[in-house]
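These notes are about the structure you will find just below.
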Amino acid sequence: METLKQTSPPPLPKIDKIGAIIFLLLGIIGFLDASYLTIEHYRGIIPVCTVVTGCGTVLISKYSTVGPVPLALLGVAYYSVIIFGALLFLDLKIIKILHLLSAYTFIGILASLYFLYLQIFVIQALCLYCLFSAATSTLLFINGVYIYKKTAL
């Protein structure tokens with residue numbers, strides 16, 4: 001009688017695991033930032049700005065929503081996908097998931113650049129929370145490029 005051996009998945013290369021953990025941590029940070037702005041939007045409260053003074057101007061501008069949906073809520077969705085993808089990779093250990101996340105970060109960096117353009121040249125005010133989200137998206141993109149370069153076949 002032949003016995004079936006249960007094989008465990010091969011161990012993750014260090015870069016894959018570290019990259020996924022970075023995606024997870026940055027995703028959580030971005031999620032918290034975007035969630036805070038979303039909650040405050042629906043409460044009708046403008047968050048206090050400390051370093052820059054344009055939060056109110058940016059957050060009540062016509063560019064802060066898409067129809068009735070605050071951009072921050074779209075950020076919550078974006079960061080949720082990052083978190084879910086990182087957790088999925090850490091569980092299933094399928095490198096394709098990291099490659100998809102890496103490609104997905106391109107959406108975040110493009111959106112961040114567009115929103116930064118709007119703040120500087122159109123609204124002419126800066127929002128600390130928006131800048132923080134842009135920095136988070138930039139770090140996610142850098143991580144994604146690094147992972148892709150190190151793991152692509």
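Residue numbering restarts at 1 for every chain of the structure tokens, chains are lettered A, B, ... in their displayed order, and ligands are numbered from 1 as they appear.
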Could you go through chain A and tell me which residues DSSP, when run on the backbone, assigns to strand (DSSP E or B), listing them as a PyMOL selection string? chain A and resi 65-66+69-70
Using N, CA and C atoms, can you export the residues from the last selection as a PDB file, in the first residue's frame?
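What ended up in again.pdb:
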ATOM      1  N   THR A  65     -14.212  64.682  -4.150  1.00  0.00           N
ATOM      2  CA  THR A  65     -15.199  63.605  -4.306  1.00  0.00           C
ATOM      3  C   THR A  65     -15.352  63.249  -5.780  1.00  0.00           C
ATOM      4  N   VAL A  66     -15.862  62.056  -5.993  1.00  0.00           N
ATOM      5  CA  VAL A  66     -16.294  61.629  -7.318  1.00  0.00           C
ATOM      6  C   VAL A  66     -17.793  61.380  -7.160  1.00  0.00           C
ATOM      7  N   VAL A  69     -19.070  60.209  -3.646  1.00  0.00           N
ATOM      8  CA  VAL A  69     -18.070  59.347  -3.003  1.00  0.00           C
ATOM      9  C   VAL A  69     -16.783  60.131  -2.735  1.00  0.00           C
ATOM     10  N   PRO A  70     -16.373  60.214  -1.467  1.00  0.00           N
ATOM     11  CA  PRO A  70     -15.101  60.899  -1.178  1.00  0.00           C
ATOM     12  C   PRO A  70     -13.921  60.097  -1.726  1.00  0.00           C
TER      13      PRO A  70
END
Might you pull out every residue within 9 Å of region 12-21 of chain A, with only C-alpha atoms counted and same-chain residues fewer than 4 positions away left off, and present them as a PDB file with C-alpha atoms, in the first residue's frame?
ATOM      1  CA  LEU A  25       2.388  47.219   6.713  1.00  0.00           C
ATOM      2  CA  LEU A  26       2.191  50.067   4.196  1.00  0.00           C
ATOM      3  CA  GLY A  85      -3.244  40.590  -1.555  1.00  0.00           C
ATOM      4  CA  ALA A  86      -0.336  40.599   0.886  1.00  0.00           C
ATOM      5  CA  LEU A  87      -2.198  38.310   3.306  1.00  0.00           C
ATOM      6  CA  PHE A  89       0.387  35.763  -0.725  1.00  0.00           C
ATOM      7  CA  LEU A  90       1.661  35.044   2.791  1.00  0.00           C
ATOM      8  CA  LYS A  93       2.815  31.611  -1.347  1.00  0.00           C
ATOM      9  CA  ILE A  95       4.466  34.592  -6.527  1.00  0.00           C
ATOM     10  CA  LEU A  98       3.010  39.582  -5.562  1.00  0.00           C
ATOM     11  CA  ASN A 143       8.413  48.081  -3.111  1.00  0.00           C
ATOM     12  CA  GLY A 144       6.426  46.689  -6.028  1.00  0.00           C
ATOM     13  CA  TYR A 146      11.812  46.078  -6.376  1.00  0.00           C
ATOM     14  CA  ILE A 147       9.859  42.847  -5.856  1.00  0.00           C
ATOM     15  CA  LYS A 150      13.924  40.512  -8.062  1.00  0.00           C
ATOM     16  CA  THR A 151      11.326  37.823  -8.761  1.00  0.00           C
TER      17      THR A 151
END
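Counting only C-alpha atoms and comparing A:Phe141, A:Phe31, A:Tyr63, A:Phe23, the residue that lies closest to Tyr79 (chain A) is A:Phe31.
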Check the DSSP output for the backbone and give back, as number ranges by chain, the residues of chain A in helix (DSSP H, G or I). A: 14-43, 55-59, 62-64, 71-92, 95-123, 128-151
Using only C-alpha atoms, pick whichever of A:Cys49, A:Val145, A:Ala125, A:Val81 has the shortest atom-to-atom distance to Phe106 (chain A). A:Val145
Tell me which of A:Cys127, A:Thr138, A:Ile120, A:Ile82 sits closest to Val51 (chain A), counting only C-alpha atoms.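 Nearest to Val51 (chain A): A:Cys127.
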Shell around Ile123 (chain A) at 12 Å using only C-alpha atoms, local window under 5 positions removed, as number ranges by chain: A: 54-64, 115-118
If you keep C-alpha atoms, can you produce a file of those selected residues as a PDB file, in the first residue's frame?
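Output (selection.pdb):
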ATOM      1  CA  GLY A  54      -4.555  73.666   3.466  1.00  0.00           C
ATOM      2  CA  CYS A  55      -6.385  70.540   4.636  1.00  0.00           C
ATOM      3  CA  GLY A  56      -9.750  72.272   4.758  1.00  0.00           C
ATOM      4  CA  THR A  57      -9.296  73.845   1.358  1.00  0.00           C
ATOM      5  CA  VAL A  58      -8.342  70.534  -0.251  1.00  0.00           C
ATOM      6  CA  LEU A  59     -10.881  68.373   1.578  1.00  0.00           C
ATOM      7  CA  ILE A  60     -13.872  70.577   0.716  1.00  0.00           C
ATOM      8  CA  SER A  61     -12.811  71.295  -2.859  1.00  0.00           C
ATOM      9  CA  LYS A  62     -14.816  69.970  -5.775  1.00  0.00           C
ATOM     10  CA  TYR A  63     -11.904  67.589  -6.432  1.00  0.00           C
ATOM     11  CA  SER A  64     -12.306  65.765  -3.106  1.00  0.00           C
ATOM     12  CA  PHE A 115      -3.846  64.448  -6.778  1.00  0.00           C
ATOM     13  CA  LEU A 116      -0.542  66.117  -5.952  1.00  0.00           C
ATOM     14  CA  TYR A 117      -0.782  68.065  -9.214  1.00  0.00           C
ATOM     15  CA  LEU A 118      -4.310  69.176  -8.263  1.00  0.00           C
TER      16      LEU A 118
END
If you measure from CA of Ile142 (chain A) to CA of Thr38 (chain A), what distance in Å do you get, rounded to one decimal?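 Separation of CA of Ile142 (chain A) and CA of Thr38 (chain A): 25.7 Å.
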Top pick for closest residue to Tyr78 (chain A), considering A:Tyr114, A:Ile22, A:Gly30, A:Leu128 and counting only C-alpha atoms: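 Under the stated criterion, the closest residue is A:Gly30.
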Of the candidates A:Ile83, A:Leu100, A:Ile29, A:Leu73, which one gets nearest to Tyr148 (chain A) if we count only C-alpha atoms? A:Leu100
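In this comparison, which uses only C-alpha atoms, the residue of A:Ile94, A:Val52, A:Leu140, A:Leu113 approaching Leu126 (chain A) most closely is A:Val52.
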